[in-house]
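A short write-up of the structure that comes next.
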Amino acid sequence: MKRAIFIFAVLVLAFSAMGAGFSSYSDAVAIDSNCTTGTLALGIACLNMLPDGSQLLPQAGQSDQAPSPTGTITTSDGNFKGSIGGSSYFDGLTINAYSCQLGFSPGLQLEIANVGTLPARLSGLSFDWGYLASSVTLCNWSFIRPDGVLAGGTDVLSLQEALNQVVIKPQERLDLAVQMQFANDVNGGACAVNMGYNRWNVDTP
């Protein structure tokens, strides 16, 4: 009889402990998982330079001046960002100008490429001439979006607005032609071309 009472008491205590345990049980479930993120990276490269930028932008028209103002421009690359199909792209460019006369209107054929693994949208593309900012302006531009649509304009603001509408997916490239115009004679100077961009959440095939 005492043995049965003892077993009964043990069972009562056991069930009481189980009840206390269930009463403190939370319905929240914690899950440990690993998340792999991609790479956000756009790069820029100069493909071509022409002393007469209107050759890159037919809609701008040819200059009627004779003889045409002269000058020399070169570009140098920034830090390497990546490559697509054997072409290299960089985090920025420097445009170097030498002995440029008033009215000189050179053109650059640029290419912006997504060398990362995430879709990206440009948030800014700057042409910083420093103390020569009032002497050199961006007078014409055009680009072909990755989907084949052509856009064009005549100043930096309109270029920024147009680029902000474009999403560049991984391995895609955007062809951009720009024409500058010198409002004064410039013996020497440099322009820093830099980009800002952010992630854009779209499905990528």
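Going by the structure tokens order, chains are called A, B, ..., each with residues numbered from 1, while ligands are numbered from 1 in the order shown.
Neighbours of Ala192 in chain A closer than or equal to 7 Å, with only C-alpha atoms counted and sequence neighbours fewer than 5 positions away skipped, come out as Leu93, Thr94, Ile95, Phe127, Asp128 and Trp129 of chain A.
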Quiz prompt | Non-local contacts of range 196-198 of chain A (12 Å; only C-alpha atoms; under 6 positions in same chain excluded) as a list in words | solution = Thr39, Leu40, Ala41, Leu42, Gly43, Ile44, Asp91, Gly92, Ile112, Ala113, Asn114, Gly116, Leu118, Pro119, Ala120, Arg121, Leu122, Ser123, Gly124, Leu125, Ser126, Gln160, Leu163, Asn164, Gln165, Val166, Val167, Ile168 and Lys169 of chain A
Exercise. Assign secondary structure with DSSP using the backbone only, and return the residues of range 57-122 of chain A in strand (DSSP E or B) as an MDAnalysis selection string.
Key: chainID A and resid 72:77 80:84 87:90 92:100 107:114 120:122
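Nearest to Thr72 in chain A of all the residues A:Gly107, A:Gly86, A:Gly148, A:Gly38 is A:Gly107, counting only C-alpha atoms.
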Quiz prompt | Residues of range 60-200 of chain A in alpha helix (DSSP H), written as JSON, numbers by chain | solution = {"A": [156, 157, 158, 159, 160, 161, 162, 163]}
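Compared by their closest atoms to Phe104 in chain A, and using only C-alpha atoms, the residues A:Ala151, A:Leu157, A:Ile144, A:Cys139 rank with A:Cys139 nearest.
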Practice problem: Find the distance between CA of Asn187 in chain A and CA of Tyr98 in chain A and write it in Å to one decimal. | Solution: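 The value is 5.4 Å.
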